[in-house]
Amino acid sequence: MKRIITNKPVDQWLLVPGSIGFVYYALLTRFHGLNPFDVDWMLPFWRGSIDSATHYLGWEFFRQAPLLQWPPGKSPNLGPMGGSGVALTDSLPFFAFIFKPLTFWFSQPFQYFGIWVLTCFVLQAVFAWKLLTIWVKQWEHVVLSTYFFCFAPIFIDRMTVHLALAGHWVLLAGLYLLFSPKSKFKHWTLLAVVSMLVQPYLAIICVALFFAWILIALIETHAYFQVVKKMCIFIGVLFISGWSAGLFFFGLGSAQAAGFGTYSANVLAWVDPGFPWYEKALWSRYVPDQWQNTGQYEGMNYLGSGVLLLAFVALGYQLIKGTWKSRGMQVAII
C-alpha cells in the first residue's frame, strides 16, 4: 500500500488538498451557515453591508419563477418592467441552476450560500494543489504552500461581503490551465461557463488567462484559423452563459455598473491590511493601515504579513545569488 501511494504522482493526491480545505473551513467558520434551511444569518445589516440579503432574496425570487422559462435565469416577479435576472442580484447562478429544480417544490426558506463557502474552501485547496504541483514535487512543500491559499486574507475577506467573489478557485483553475501542459480547449470552455455563472468579474479575468494561453498556442503553431475559431467559440460560450443567467436582461448595457474607478484598488493594496470601517478589524497586528481613497475597500488585496516576509526573503536571496539579469528584474520590481 505504501509503495502504491509513493509511486502515485503528487498532483493526483486530490484527497489531501480536499481534506486541507475542509479542515480550514471547519476551523474558520465552525460550520456557520451550512444548514441550508437557516437563512437568518444572511438577512441582518452586518458590518455596513446588506449585500448578503440581496443575494439571498434574489435567489428566492428566482426559485419561485417557473421552471421552464426563457431565458432560464429570468426572475419575472423581481422588479418592474417584466422582472430581472438571477445574475443581476449576484445570487450565484451556478448554484441557483443546480438547486432550483430540487427546491422548487416546497415553500420553506432555503439557501445554498453556506454550501458555497464550503465548496470554495475545498476547491481553493484542490486547485492550489494542482497549480503548485506543476513545479513543486515534494508533497510536504505543497501542503505548506496550500495553507497560504486557504488562509489568504483576500480570499476570506470576500466572504464577509460578496460570497460569489470568494470563488478564487475559478482563477486558480484558469492559472492551472494556462501553465499545465495537459490543458485542452474543452477545459477552457467549461471554465468559461462556470466562471460566468459564478461571477462575471471572475469570468473577465479568466478571459485574460485564456487569451494568454491562445496567444502562446499561436506563437508555437502559427495555426491562425484554429486560433480564431477557438476564440470565437470561447467568447460565444461566455455570452450564452451570461445571457442564460439573465445578465443581459436589460440589454448589453446592464452589464455595466456605476463606480468604475471609485471601487478600485491603489498601488498600496498588497501591503494594506484592510479598512477599519464598518466595524471591521485590520488583517495584521504588525503592518500599519495604508492610505486608501473612498470606495477602495472593494480593492482589498492584502497578501498577509507571512507572504510579504517570504517575498522579501526571496527578493534578498535573488539579489545575492541571482544573475545580473535576475538582479535587475528584482530591482525593477522593488
# chains A, B, ... in the order shown; residues from 1 in each chain; ligands from 1
call {"tool": "residues_around", "arguments": {"residues": "stretch 80-94 of chain A", "least_positions_apart": "5", "cutoff": "8 Å", "atoms": "only C-alpha atoms", "output": "PyMOL selection string"}}
result
chain A and resi 54-56+58-59+62+73-75+164+194+197-199+242+245-247+249-250
call {"tool": "select_by_dssp", "arguments": {"residues": "stretch 145-310 of chain A", "states": "helix (DSSP H, G or I)", "output": "MDAnalysis selection string"}}
result
chainID A and resid 145:150 153:158 164:166 169:179 185:198 200:221 224:244 252:255 269:271 296:299 305:310
call {"tool": "write_last_selection", "arguments": {"atoms": "C-alpha atoms", "output": "CSV table (one decimal), in the first residue's frame"}}
result
chain,number,residue,atom,x,y,z
A,145,SER,CA,2.0,26.2,0.3
A,146,THR,CA,-1.7,25.2,0.1
A,147,TYR,CA,-2.1,26.6,3.6
A,148,PHE,CA,-1.3,30.1,2.3
A,149,PHE,CA,-4.0,29.9,-0.3
A,150,CYS,CA,-6.7,28.8,2.2
A,153,PRO,CA,-6.9,37.5,3.6
A,154,ILE,CA,-8.2,38.5,0.1
A,155,PHE,CA,-9.9,35.1,-0.1
A,156,ILE,CA,-11.5,35.2,3.4
A,157,ASP,CA,-12.4,38.9,3.3
A,158,ARG,CA,-14.7,38.4,0.2
A,164,ALA,CA,-19.7,34.8,-5.1
A,165,LEU,CA,-16.4,36.7,-5.4
A,166,ALA,CA,-14.9,34.3,-2.9
A,169,TRP,CA,-10.7,28.7,-7.1
A,170,VAL,CA,-12.0,29.7,-10.5
A,171,LEU,CA,-9.0,31.9,-11.1
A,172,LEU,CA,-6.7,29.1,-9.8
A,173,ALA,CA,-8.3,26.8,-12.3
A,174,GLY,CA,-7.5,29.3,-15.0
A,175,LEU,CA,-3.9,29.6,-13.9
A,176,TYR,CA,-3.6,25.8,-13.8
A,177,LEU,CA,-4.9,25.6,-17.4
A,178,LEU,CA,-2.5,28.3,-18.5
A,179,PHE,CA,0.6,26.6,-17.2
A,185,PHE,CA,-9.6,23.8,-25.2
A,186,LYS,CA,-12.6,21.8,-23.9
A,187,HIS,CA,-11.3,22.6,-20.4
A,188,TRP,CA,-11.3,26.3,-21.2
A,189,THR,CA,-14.9,26.2,-22.5
A,190,LEU,CA,-16.0,24.5,-19.3
A,191,LEU,CA,-14.2,27.2,-17.3
A,192,ALA,CA,-15.9,29.9,-19.4
A,193,VAL,CA,-19.4,28.5,-18.4
A,194,VAL,CA,-18.5,28.1,-14.7
A,195,SER,CA,-16.8,31.4,-14.3
A,196,MET,CA,-19.6,33.4,-15.9
A,197,LEU,CA,-22.2,31.6,-13.8
A,198,VAL,CA,-20.2,32.2,-10.6
A,200,PRO,CA,-18.8,38.0,-14.3
A,201,TYR,CA,-15.8,39.8,-12.7
A,202,LEU,CA,-14.1,36.4,-12.3
A,203,ALA,CA,-15.0,35.5,-15.9
A,204,ILE,CA,-13.2,38.6,-17.2
A,205,ILE,CA,-10.0,37.5,-15.5
A,206,CYS,CA,-10.4,34.0,-17.0
A,207,VAL,CA,-10.8,35.6,-20.4
A,208,ALA,CA,-7.4,37.3,-20.0
A,209,LEU,CA,-5.8,34.0,-19.0
A,210,PHE,CA,-7.4,32.2,-22.0
A,211,PHE,CA,-6.1,34.9,-24.3
A,212,ALA,CA,-2.6,34.4,-22.9
A,213,TRP,CA,-3.0,30.6,-23.5
A,214,ILE,CA,-4.3,31.0,-27.0
A,215,LEU,CA,-1.5,33.5,-27.8
A,216,ILE,CA,1.1,31.0,-26.7
A,217,ALA,CA,-0.5,28.4,-29.0
A,218,LEU,CA,-0.5,30.8,-31.9
A,219,ILE,CA,3.2,31.5,-31.5
A,220,GLU,CA,4.0,27.8,-31.3
A,221,THR,CA,1.8,26.5,-34.1
A,224,TYR,CA,-4.3,31.2,-37.3
A,225,PHE,CA,-7.6,29.8,-38.4
A,226,GLN,CA,-7.8,27.4,-35.5
A,227,VAL,CA,-6.9,30.1,-33.0
A,228,VAL,CA,-9.6,32.5,-34.3
A,229,LYS,CA,-12.1,29.7,-34.3
A,230,LYS,CA,-11.4,28.8,-30.7
A,231,MET,CA,-11.5,32.5,-29.7
A,232,CYS,CA,-14.9,32.9,-31.3
A,233,ILE,CA,-16.3,29.7,-29.6
A,234,PHE,CA,-14.9,30.8,-26.2
A,235,ILE,CA,-16.4,34.3,-26.4
A,236,GLY,CA,-19.7,32.8,-27.7
A,237,VAL,CA,-19.9,30.4,-24.8
A,238,LEU,CA,-19.3,33.3,-22.4
A,239,PHE,CA,-22.1,35.4,-23.8
A,240,ILE,CA,-24.5,32.4,-24.0
A,241,SER,CA,-23.8,31.6,-20.3
A,242,GLY,CA,-24.3,35.2,-19.2
A,243,TRP,CA,-27.5,35.5,-21.3
A,244,SER,CA,-28.9,32.3,-19.8
A,252,LEU,CA,-25.9,44.7,-23.0
A,253,GLY,CA,-25.8,47.9,-21.1
A,254,SER,CA,-27.0,46.2,-18.0
A,255,ALA,CA,-23.6,44.6,-17.7
A,269,ALA,CA,-3.3,47.4,-1.9
A,270,TRP,CA,-0.8,44.5,-1.5
A,271,VAL,CA,0.6,46.0,1.7
A,296,GLN,CA,-11.3,51.4,-2.3
A,297,TYR,CA,-12.3,48.9,0.4
A,298,GLU,CA,-13.5,46.9,-2.6
A,299,GLY,CA,-9.9,46.7,-3.8
A,305,SER,CA,2.5,39.5,6.7
A,306,GLY,CA,3.8,36.0,6.2
A,307,VAL,CA,3.7,36.2,2.4
A,308,LEU,CA,5.2,39.7,2.5
A,309,LEU,CA,8.1,38.4,4.7
A,310,LEU,CA,8.7,35.5,2.4
call {"tool": "residues_around", "arguments": {"residues": "A:Gln12", "least_positions_apart": "4", "cutoff": "10 Å", "atoms": "only C-alpha atoms", "output": "PyMOL selection string"}}
result
chain A and resi 8+16+126+129-130+133
call {"tool": "atom_distance", "arguments": {"atom1": "atom CA of A:Leu67", "atom2": "atom CA of A:Phe99"}}
result
11.4 Å
call {"tool": "atom_distance", "arguments": {"atom1": "atom CA of A:Asp40", "atom2": "atom CA of A:Pro101"}}
result
22.8 Å
call {"tool": "atom_distance", "arguments": {"atom1": "atom CA of A:Asp38", "atom2": "atom CA of A:Phe113"}}
result
10.4 Å
call {"tool": "residues_around", "arguments": {"residues": "A:Arg63", "least_positions_apart": "6", "cutoff": "8 Å", "atoms": "only C-alpha atoms", "output": "VMD selection string"}}
result
chain A and resid 96 100 103 to 104
call {"tool": "residues_around", "arguments": {"residues": "A:Asn35", "least_positions_apart": "6", "cutoff": "9 Å", "atoms": "only C-alpha atoms", "output": "PyMOL selection string"}}
result
chain A and resi 110-112+114-115
call {"tool": "write_last_selection", "arguments": {"atoms": "N, CA and C atoms", "output": "compact mmCIF listing (two decimals), in the first residue's frame"}}
result
# COMPACT_ATOMS: atom_id res chain seq x y z
N PHE A 110 -34.80 28.52 1.90
CA PHE A 110 -33.65 27.66 1.60
C PHE A 110 -32.53 28.53 1.04
N GLN A 111 -31.31 28.24 1.45
CA GLN A 111 -30.15 28.95 0.92
C GLN A 111 -29.01 27.95 0.70
N TYR A 112 -28.22 28.23 -0.34
CA TYR A 112 -27.08 27.37 -0.66
C TYR A 112 -25.75 28.09 -0.47
N GLY A 114 -24.10 28.84 2.27
CA GLY A 114 -23.22 28.16 3.21
C GLY A 114 -22.52 26.97 2.56
N ILE A 115 -23.24 26.26 1.71
CA ILE A 115 -22.63 25.16 0.95
C ILE A 115 -21.58 25.71 -0.01
